[in-house]
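Trainee: Can you keep this structure in mind? I'll have questions shortly.
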Amino acid sequence: MTAILILMTLGLLLGGLLGLAGQYFKVEGNPLQEEIESLLPGSQCGQCGFPGCSPAAEAIANGAAPVTACPPGGKALAETLAAKLGVSVDLSGVADKGPMIAYVHENLCIGCTKCFKRCPTDAILGSSKQIHAVFADACTGCEKCFEVCPTECIEMRPLTHTVQTWYWPSPMMTGVAA
Amino acid sequence: MKLFRIRGGVHPHDCKTLSADKAIEDLPMPSLLHIPLQQHIGAAAKPAVKRGDHVLKGQLLANSQGMISAPIHAPTSGRVVGVGHYPAHHASGLSVHTITLQPDGKDEWVELFPPADPFALDPAEIATRVAAAGIVGMGGATFPSAVKLNLRNRYSLHTLVINGAECEPYLTCDDRIMREYSANVIDGIRVMAYALGVENIIIGIENNKPQAQAAMREAATAFPNIQVVGLPMRYPMGSEKHLVQTLTGLETPARGLTADIGIVVHNPATALAVRDALCEGKPLVSRVMTVSGGAIQQPRNLRVLLGTKVQDVIDYCQGFREEPTRLISGGPMMGNVLPDTRVPTVKGCNGILALTAKEVSENQESPCIRCASCVQACPCGLLPLEMAANARAGNLDAVTKLGLMDCIACGSCSYVCPAHIPLVQYFNYAKGELASRQRAKHKQDETKRLIEQRNERMAAQERAKKEMMERRKREAAAKKAAAAAAAAKTAQEASA
């Protein structure tokens, strides 16, 4: 009888201790993964081959994917990631086409709503049999709409500067500096 | 009055004699006006007219959008021939929304409603009228003036400073305004002081403008609360923080406003515009600007309708003496390069300078010898050489830590650098790059929010669909049961 009692109390005590330890010494995933995820564009476009930005961040943190994996991020992101992970990277192969945004050619749009339904950021305005339009501010250039358009009326255009966003280039680049 | 010393600064040759003796002239009516919808800091105005409309002088062309914005008015009577895009008055050469107006030559004013006595109005009403007149800071910053006149609600103010320093070389438009319209400028200043609820008014004018000082002193004799103070000649005396420090000894906190120490600074040209708006009911449709520089045949001070092409202004000054090396809007120290002469003039353009190669004196850059001339010249107490070295290496965080955001981009460092390093150009680039990164970060955050919202909405739709299906199923089942019960009942009755 006493044996049962002792074993039971021991079991309860140790079990409780284990539970508490589990709570206090909890390991929160890979902190690096979260940091990397915050750097990624977050549009879950899947161009890297992973099902979203979170799995991509995990793969980059583990070293399973190169820092150049994110096409929308371009060179700038690759550089930041390389600095974060302390790896050296050859950026010459990274095609940096700069930020692109979708544009709907209104004369070709038939109002099929296919692009509108796929847009991960609700950047397309439209409804059935209405001409669609893109909110340039919300578009991340993930090209999901570009792929599904049956009339190929969506064009990916480079994001051009406006008077508000334009700024002087570095004197180094303009050749003013020797 | 005792003045306080500020640190740094430079003494460029002021070249003001080219145009200082030329009285303000009205530019003849140009054949076409291109009026940009963004001539101020803040949100662009929204067109209120369409192509083909006939408008009168002073009629509203575009409404202001939001708190920090300004409306645009027709500079003369005529027909709107286009609402579209036109190259901006900007170094980038990009196009902006612009209304094109073909003057009919009558220059007919819209009906004006000036108040009988501006001093009988509520101060808030004055700010409202200034906002409706589309008045922005005419010194070149183009911040909507009404916002600054409304500062009394949030700060306890005690002094209005009028910035007549005009420390930029070549520019003489404020000088001429203060000489020729001193009484009107004083009226405007008094209206602004009334709107701000301050008693004490100081007009600071650099000592290279003795006639302007005398004219303003004379116009202000009737008002003991207005002091006209001669300022030492030193660039950048016209920087509002440095001007306030020279006059009062009070230093504006870093990245703060002069309102934090109870002082508001306005430009004399703004005061004149405020006077025209409050005493005559006229919106801002023209401005005085200096056309000068070694490449200009006849330097002049002109009153130009907003939207007049720079080419028209230069043509009136008999064109170029020689092909200018650089065309600048504003002063040579802080002005902006203009891409070509077809861009329109805007509210913030206080000068058009066509400089010769000799005046520009572009030199080959050589390595920094760490002489620290730039450190001595910096009026903000920064280390330009260190900041530029970091900006060059792309280390923008370090540049920010060294005080990039306190840099007023006055260009004193570049001016004194014996190695001709484009220091201020590095800082302008760094500021632009940082702002661009901030925009990218903001967009990323917004993208995340949009994605989350969309996912939530999708999940809610999915749930609603499932619930609907279940309800339908339940209803169908209930119906079937009811039908079965009814059938059983009829069967029972039949058997009975």
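Residue names in the structure tokens use chain letters A, B, ... in the order shown, residue numbers from 1 in each chain, and ligand numbers from 1 in the order shown.
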Would you mind listing what lies within 8 Å of Phe146 of chain A as a compact mmCIF listing (two decimals) with N, CA and C atoms, in the first residue's frame, with only C-alpha atoms counted and same-chain residues fewer than 5 positions away left out?

Mentor:
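As written to disk, around-v9.txt reads:
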# COMPACT_ATOMS: atom_id res chain seq x y z
N ALA A 102 1.63 45.34 -60.82
CA ALA A 102 0.75 44.90 -61.90
C ALA A 102 -0.02 46.08 -62.46
N CYS A 115 -8.13 37.30 -61.40
CA CYS A 115 -6.99 37.93 -60.74
C CYS A 115 -7.41 38.49 -59.39
N GLU A 152 -4.41 37.85 -70.93
CA GLU A 152 -3.06 38.41 -70.80
C GLU A 152 -3.10 39.94 -70.79
N ILE A 154 -2.80 41.67 -68.05
CA ILE A 154 -2.02 42.22 -66.93
C ILE A 154 -0.55 42.29 -67.33
N GLU A 155 0.01 43.44 -67.10
CA GLU A 155 1.42 43.65 -67.41
C GLU A 155 2.13 43.98 -66.11
N MET A 156 3.34 43.43 -65.93
CA MET A 156 4.11 43.81 -64.75
C MET A 156 4.99 44.98 -65.16

Trainee: For the structure I just gave you, how does DSSP split segment 6-126 of chain A - specifically, which residues are alpha helix (DSSP H)? Reply as a PyMOL selection string.

Mentor: chain A and resi 6-24+31-39+53-62+74-85+114-118

Trainee: Near chain B, which residues of chain A fall within 9 Å when you count only C-alpha atoms, and what do they look like as a PDB file with C-alpha atoms, in the first residue's frame?

Mentor:
ATOM      1  CA  SER A  38      10.098  40.009 -40.745  1.00  0.00           C
ATOM      2  CA  LEU A  39      12.554  40.959 -43.480  1.00  0.00           C
ATOM      3  CA  LEU A  40      10.789  39.019 -46.232  1.00  0.00           C
ATOM      4  CA  PRO A  41       8.083  40.824 -48.214  1.00  0.00           C
ATOM      5  CA  GLY A  42       5.325  38.744 -46.638  1.00  0.00           C
ATOM      6  CA  SER A  43       3.195  38.478 -49.735  1.00  0.00           C
ATOM      7  CA  GLN A  44       3.288  34.649 -49.628  1.00  0.00           C
ATOM      8  CA  PRO A 120      -3.081  38.003 -51.665  1.00  0.00           C
ATOM      9  CA  THR A 121      -3.198  41.659 -50.633  1.00  0.00           C
ATOM     10  CA  ASP A 122      -6.597  42.673 -52.046  1.00  0.00           C
ATOM     11  CA  ALA A 123      -4.773  45.051 -54.352  1.00  0.00           C
ATOM     12  CA  ASP A 137       0.129  51.124 -53.185  1.00  0.00           C
ATOM     13  CA  ALA A 138      -1.041  47.674 -52.118  1.00  0.00           C
ATOM     14  CA  CYS A 139       0.479  45.645 -54.966  1.00  0.00           C
ATOM     15  CA  THR A 140       3.562  43.652 -54.011  1.00  0.00           C
ATOM     16  CA  HIS A 161       9.572  57.270 -59.085  1.00  0.00           C
ATOM     17  CA  THR A 162       7.217  60.159 -58.458  1.00  0.00           C
ATOM     18  CA  VAL A 163       8.260  63.647 -57.427  1.00  0.00           C
ATOM     19  CA  THR A 165       9.629  59.454 -53.855  1.00  0.00           C
ATOM     20  CA  TRP A 166      12.485  60.619 -56.058  1.00  0.00           C
ATOM     21  CA  TYR A 167      15.777  61.527 -54.411  1.00  0.00           C
ATOM     22  CA  TRP A 168      19.259  62.385 -55.527  1.00  0.00           C
ATOM     23  CA  PRO A 169      21.447  59.387 -56.261  1.00  0.00           C
ATOM     24  CA  SER A 170      24.648  59.003 -54.294  1.00  0.00           C
ATOM     25  CA  PRO A 171      27.388  61.285 -55.662  1.00  0.00           C
ATOM     26  CA  MET A 172      29.487  58.114 -55.988  1.00  0.00           C
ATOM     27  CA  VAL A 176      30.622  63.437 -59.728  1.00  0.00           C
ATOM     28  CA  ALA A 177      32.956  61.800 -57.266  1.00  0.00           C
ATOM     29  CA  ALA A 178      36.329  60.832 -58.591  1.00  0.00           C
TER      30      ALA A 178
END

Trainee: Would you give me, as an MDAnalysis selection string, the residues in segment 52-295 of chain B that DSSP reads as strand (DSSP E)?

Mentor: chainID B and resid 54:55 60:63 72:73 78:87 95:103 159:164 200:206 226:231 263:266 286:292

Trainee: Residues within 8 Å of segment 213-215 of chain B, please, as a ChimeraX atom specification. Count only C-alpha atoms; anything in the same chain fewer than 5 positions from it doesn't count.

Mentor: /B:178-179,182,205,207,228-230

Trainee: Since we have the selection now, will you write its residues out, keeping C-alpha atoms, as a PDB file, in the first residue's frame?

Mentor:
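Written file, result_2.pdb:
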ATOM      1  CA  MET B 178      10.268  94.988 -48.095  1.00  0.00           C
ATOM      2  CA  ARG B 179      11.420  98.178 -49.831  1.00  0.00           C
ATOM      3  CA  SER B 182       6.731  97.859 -46.606  1.00  0.00           C
ATOM      4  CA  ILE B 205      16.949  91.728 -41.965  1.00  0.00           C
ATOM      5  CA  ASN B 207      22.821  94.223 -42.896  1.00  0.00           C
ATOM      6  CA  VAL B 228      13.301  95.727 -36.938  1.00  0.00           C
ATOM      7  CA  VAL B 229      16.677  94.137 -36.232  1.00  0.00           C
ATOM      8  CA  GLY B 230      19.781  94.208 -38.438  1.00  0.00           C
TER       9      GLY B 230
END

Trainee: Can you pull out the residues contacting segment 119-122 of chain B? Cut-off 8 Å, using only C-alpha atoms, and skip same-chain residues under 6 positions away; I want them as a list in words.

Mentor: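 Once the nearby chain positions are removed, what remains is Val191, Tyr194 and Ala195 of chain B.
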
Trainee: Quick one: write out the picked residues with C-alpha atoms as a PDB file, in the first residue's frame?

Mentor:
ATOM      1  CA  VAL B 191      -2.691  90.119 -39.214  1.00  0.00           C
ATOM      2  CA  TYR B 194      -3.191  88.658 -34.412  1.00  0.00           C
ATOM      3  CA  ALA B 195      -4.023  85.175 -35.764  1.00  0.00           C
TER       4      ALA B 195
END

Trainee: I want to know what sits within 10 Å of Pro55 of chain A, based on only C-alpha atoms, with residues of the same chain fewer than 6 positions away left out; could you give that as a list of chain:residue names?

Mentor: A:Gln33, A:Glu37, A:Gln44, A:Gly46, A:Gly49, A:Ala61

Trainee: Would you mind exporting the chosen residues as a PDB file, in the first residue's frame, restricted to N, CA and C atoms?

Mentor:
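So result.pdb came out as:
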ATOM      1  N   GLN A  33      14.598  32.594 -37.409  1.00  0.00           N
ATOM      2  CA  GLN A  33      13.554  32.424 -38.429  1.00  0.00           C
ATOM      3  C   GLN A  33      12.561  33.581 -38.398  1.00  0.00           C
ATOM      4  N   GLU A  37      11.822  36.248 -41.254  1.00  0.00           N
ATOM      5  CA  GLU A  37      10.468  36.394 -41.777  1.00  0.00           C
ATOM      6  C   GLU A  37      10.039  37.860 -41.801  1.00  0.00           C
ATOM      7  N   GLN A  44       3.576  36.083 -49.455  1.00  0.00           N
ATOM      8  CA  GLN A  44       3.288  34.649 -49.628  1.00  0.00           C
ATOM      9  C   GLN A  44       3.120  34.301 -51.099  1.00  0.00           C
ATOM     10  N   GLY A  46       5.131  32.704 -53.154  1.00  0.00           N
ATOM     11  CA  GLY A  46       5.559  31.364 -53.527  1.00  0.00           C
ATOM     12  C   GLY A  46       6.565  31.302 -54.656  1.00  0.00           C
ATOM     13  N   GLY A  49       9.538  28.926 -54.252  1.00  0.00           N
ATOM     14  CA  GLY A  49       9.346  27.488 -54.279  1.00  0.00           C
ATOM     15  C   GLY A  49       8.846  26.937 -52.959  1.00  0.00           C
ATOM     16  N   ALA A  61      16.877  30.161 -42.702  1.00  0.00           N
ATOM     17  CA  ALA A  61      17.534  30.116 -41.394  1.00  0.00           C
ATOM     18  C   ALA A  61      18.324  28.819 -41.241  1.00  0.00           C
TER      19      ALA A  61
END

Trainee: Write out as a PyMOL selection string which residues come within 8 Å of Cys317 of chain B when counting only C-alpha atoms, dropping same-chain ones fewer than 2 positions away.

Mentor: chain B and resi 291+296-300+313-315+319

Trainee: Include N, CA, C and O atoms and write out the residues we just selected as an mmCIF file, in the first residue's frame.

Mentor:
data_model
loop_
_atom_site.group_PDB
_atom_site.id
_atom_site.type_symbol
_atom_site.label_atom_id
_atom_site.label_comp_id
_atom_site.auth_asym_id
_atom_site.auth_seq_id
_atom_site.Cartn_x
_atom_site.Cartn_y
_atom_site.Cartn_z
ATOM 1 N N VAL B 291 15.289 87.037 -61.064
ATOM 2 C CA VAL B 291 15.888 86.319 -62.193
ATOM 3 C C VAL B 291 17.297 86.881 -62.319
ATOM 4 O O VAL B 291 17.473 88.065 -62.579
ATOM 5 N N ILE B 296 22.378 85.523 -67.373
ATOM 6 C CA ILE B 296 21.148 86.254 -67.730
ATOM 7 C C ILE B 296 21.534 87.626 -68.281
ATOM 8 O O ILE B 296 22.322 88.345 -67.674
ATOM 9 N N GLN B 297 20.939 87.967 -69.409
ATOM 10 C CA GLN B 297 21.252 89.238 -70.068
ATOM 11 C C GLN B 297 20.922 90.424 -69.150
ATOM 12 O O GLN B 297 21.779 91.262 -68.917
ATOM 13 N N GLN B 298 19.680 90.469 -68.633
ATOM 14 C CA GLN B 298 19.279 91.586 -67.779
ATOM 15 C C GLN B 298 18.623 91.063 -66.502
ATOM 16 O O GLN B 298 17.414 90.805 -66.490
ATOM 17 N N PRO B 299 19.386 90.908 -65.426
ATOM 18 C CA PRO B 299 18.783 90.414 -64.177
ATOM 19 C C PRO B 299 17.669 91.342 -63.710
ATOM 20 O O PRO B 299 17.775 92.563 -63.863
ATOM 21 N N ARG B 300 16.588 90.759 -63.190
ATOM 22 C CA ARG B 300 15.426 91.554 -62.788
ATOM 23 C C ARG B 300 14.715 90.923 -61.602
ATOM 24 O O ARG B 300 14.931 89.756 -61.284
ATOM 25 N N VAL B 313 9.886 83.728 -68.553
ATOM 26 C CA VAL B 313 10.511 84.647 -67.599
ATOM 27 C C VAL B 313 11.899 85.058 -68.106
ATOM 28 O O VAL B 313 12.271 86.234 -68.079
ATOM 29 N N ILE B 314 12.647 84.072 -68.610
ATOM 30 C CA ILE B 314 14.001 84.358 -69.093
ATOM 31 C C ILE B 314 13.947 85.211 -70.363
ATOM 32 O O ILE B 314 14.743 86.136 -70.533
ATOM 33 N N ASP B 315 12.964 84.931 -71.217
ATOM 34 C CA ASP B 315 12.814 85.730 -72.446
ATOM 35 C C ASP B 315 12.602 87.202 -72.119
ATOM 36 O O ASP B 315 13.131 88.086 -72.786
ATOM 37 N N GLY B 319 16.800 87.013 -72.417
ATOM 38 C CA GLY B 319 17.451 85.736 -72.695
ATOM 39 C C GLY B 319 18.823 85.595 -72.070
ATOM 40 O O GLY B 319 19.181 86.326 -71.146
#

Trainee: Which one is closest to Val399 of chain B: B:Ala219, B:Leu434, B:Ile369, B:Val198? Count only C-alpha atoms.

Mentor: B:Leu434
